[in-house]
Amino acid sequence: MGKTANQKKYYVAGEWQTSEKQAELSSPFSNEVIASIPQLSRDEVEKVIDVAFEARESMAKLTAYERAQILEQITKLFIDNRQEAAEIISLEASKPLKFALAEVDRTIETYKFASEEAKRLTGEMIPMDAAKNGANRFGYTILQPIGVIGAITPFNFPQNLVAHKVGPAIAAGNTIVLKPASQTPLSALFLAELIDQTDLPKGAFNVVTGSGGVVGDTLVESNKVNMITFTGSPAVGISIQHKAGLKKVALELGSNAGLIIDKNVNLDDIVPKCVIGAFSNQGQVCISLQRTYVMEEVYDEFLEKFMAATKQLVIGNPLDINTDISAMIHEREQHRVIDWIDEAVENGAHVVAGGKVEGNVFLPTILTNVSADSKVSCQEVFAPIVIVNRISTIEEGIAEINNSNYGLQAGIFTNDIRTAFKASKELEVGGVMINDIPTYRVDQMPYGGVKESGTGKEGLKYAVNEMTEMKLVVWNQN
Ligand code: NAP
């Protein structure tokens, strides 16, 4: 496709605008140019922020019924445009189509949950007279919109992770300026096309494209933006926290998610789940299964079955419905992970599957005997790479998982109820999955990490709460 064949505009105040600067967007799989994307300047972003700032009033006037209806309209539009939305994800992110369709199905649920949460925005009664000086006072809280939300999103779930910000922001009555990842702007612009067909007041939802350093930074530093909701890498998240001043910040960051496999479990059930957990979307998932700690009694059998199942994965074009694994988001990522694997091997690791590039696809890779200080273990690998290490006690597995700067989710497969309770109490993460992979997520559950995995929770009810201000009202009846 030629540079001008698919020249995109950005979306502000319900209109499509051109920017002076454009940049080519290429498919990570074929390297073909697929679109030309506006690269907004600071001035242009500031004008968009002004629009969102002005739109606060019309947004705040909407009733809960109206906000829920708008979110229902978005849900319906995704149902009607499911295939196109999925193909856009596959094209720009190289996500195999079957997983892109699954992402759109989750997006539909996310907006549906958001529409339901719009109707549940309640405060609480405060028992004022429980205090010595509280007699004859009547107190309650109300939740009000926070104002302008700056949403900065990553490439790996370009539609559903955007929905986790846009859905609750609308449910809570806020306005939004969305900055999608530079590799995946097409999904965000497609969302704008859909939202344009709804009753959302113009100016309440805007999309700005361009580099994180310019566009993202302008949002983070603006005095008119009341909250930044960011999903992305820990390094960028931490820099945002430092720059944001007093504005509210929610950070959904990375991890090196771990799993413990106890003895006496049914490995035939567990292995297919681990294959999905480790390799779906080429391992570019914040809760991708990165570290597996297997009790020695079942270690050899697990490894053999895991390697056999991994060999069955279909490698190829993301737009082919049979493909399981395709290209990573960028060629430089392949070079990074090859360096990391080399380092692990120098530290004593064995590569028992994959470990190399075929065509432009990094093969699903299994490493064993990996030292805890190798980068593939202690940092976020964000690639189709999984470690399988042997443990002799559950305590050892818990200690290994906790020996991390991150703490998003962890999993344990066990048939021993005491072991399950112990793990749920002792694992230092935001969510523990008993008898499941750490990669398990549905969209209404509270989701967010501890340590360098972030602050704040997503999941519609929880995100709506983060995106509102609680106001106290006290009536003096004395
Ligand atoms: P990233 O490089 O941190 O980018 C995320 C977003 O931040 C992009 O829109 C990026 O824009 C923008 N950005 C970059 N520099 C910025 C700056 N200085 N100021 C403001 N914004 C800036 O992350 P990614 O590679 O897209 O995504 C992968 C990461 O996201 C992984 O670490 C993964 O674990 C994490 N993640 C976390 C969750 C979760 O819910 N916890 C979910 C998914 C992904 P550009 O694209 O223009 O650079």
# chains A, B, ... in the order shown; residues from 1 in each chain; ligands from 1
$ select_by_dssp --residues "segment 128-225 of chain A" --states "helix (DSSP H, G or I)" --output "PyMOL selection string"
chain A and resi 128-130+160-171+185-195+212-221
$ residues_around --residues "segment 343-350 of chain A" --least-positions-apart "4" --cutoff "9 Å" --atoms "only C-alpha atoms" --output "count of residues only"
13
$ residues_near_ligand --ligand "ligand 1" --cutoff "8 Å" --atoms "only C-alpha atoms and all ligand atoms" --output "PyMOL selection string"
chain A and resi 152-157+161+179-184+209-220+230-237+239-240+251-255+284-287+380+382+408+447-449+453-454+458
$ select_by_dssp --residues "segment 278-454 of chain A" --states "strand (DSSP E)" --output "number ranges by chain"
A: 291-295, 350-353, 357-358, 361-362, 365-368, 385-391, 406-407, 409-413, 431-434, 450-451, 454
$ residues_around --residues "Glu297 of chain A" --least-positions-apart "2" --cutoff "12 Å" --atoms "only C-alpha atoms" --output "ChimeraX atom specification"
/A:261-265,267,293-295,299-303,390-393
$ write_last_selection --atoms "N, CA and C atoms" --output "CSV table (one decimal), in the first residue's frame"
chain,number,residue,atom,x,y,z
A,261,ILE,N,3.6,-25.7,39.7
A,261,ILE,CA,2.9,-26.9,39.5
A,261,ILE,C,3.3,-27.9,40.5
A,262,ASP,N,2.3,-28.3,41.3
A,262,ASP,CA,2.4,-29.2,42.4
A,262,ASP,C,2.5,-30.7,41.8
A,263,LYS,N,2.8,-31.6,42.7
A,263,LYS,CA,2.7,-33.1,42.3
A,263,LYS,C,1.2,-33.5,42.3
A,264,ASN,N,0.9,-34.6,41.9
A,264,ASN,CA,-0.5,-35.2,41.9
A,264,ASN,C,-1.5,-34.3,41.2
A,265,VAL,N,-1.1,-33.7,40.1
A,265,VAL,CA,-2.1,-32.9,39.3
A,265,VAL,C,-2.2,-33.6,37.9
A,267,LEU,N,-1.6,-33.4,34.4
A,267,LEU,CA,-0.8,-32.6,33.5
A,267,LEU,C,-1.4,-32.5,32.2
A,293,TYR,N,7.5,-23.2,37.8
A,293,TYR,CA,8.3,-23.9,38.8
A,293,TYR,C,7.5,-25.2,39.0
A,294,VAL,N,8.2,-26.3,38.7
A,294,VAL,CA,7.5,-27.6,38.7
A,294,VAL,C,8.1,-28.5,39.7
A,295,MET,N,7.2,-29.1,40.5
A,295,MET,CA,7.7,-30.1,41.6
A,295,MET,C,8.5,-31.2,40.9
A,299,TYR,N,8.2,-33.2,37.1
A,299,TYR,CA,9.0,-32.3,36.2
A,299,TYR,C,9.2,-32.8,34.8
A,300,ASP,N,9.8,-34.1,34.8
A,300,ASP,CA,10.2,-34.6,33.5
A,300,ASP,C,9.0,-34.8,32.6
A,301,GLU,N,7.9,-35.4,33.2
A,301,GLU,CA,6.7,-35.6,32.4
A,301,GLU,C,6.1,-34.3,31.9
A,302,PHE,N,6.1,-33.3,32.8
A,302,PHE,CA,5.5,-32.0,32.4
A,302,PHE,C,6.3,-31.4,31.2
A,303,LEU,N,7.6,-31.5,31.3
A,303,LEU,CA,8.5,-30.9,30.3
A,303,LEU,C,8.3,-31.6,29.0
A,390,ARG,N,12.9,-26.7,38.0
A,390,ARG,CA,12.6,-27.8,38.9
A,390,ARG,C,12.6,-27.2,40.3
A,391,ILE,N,11.6,-27.6,41.1
A,391,ILE,CA,11.6,-27.2,42.6
A,391,ILE,C,11.3,-28.5,43.4
A,392,SER,N,11.8,-28.5,44.7
A,392,SER,CA,11.6,-29.7,45.5
A,392,SER,C,10.6,-29.4,46.6
A,393,THR,N,10.2,-28.1,46.8
A,393,THR,CA,9.1,-27.8,47.8
A,393,THR,C,8.3,-26.7,47.2
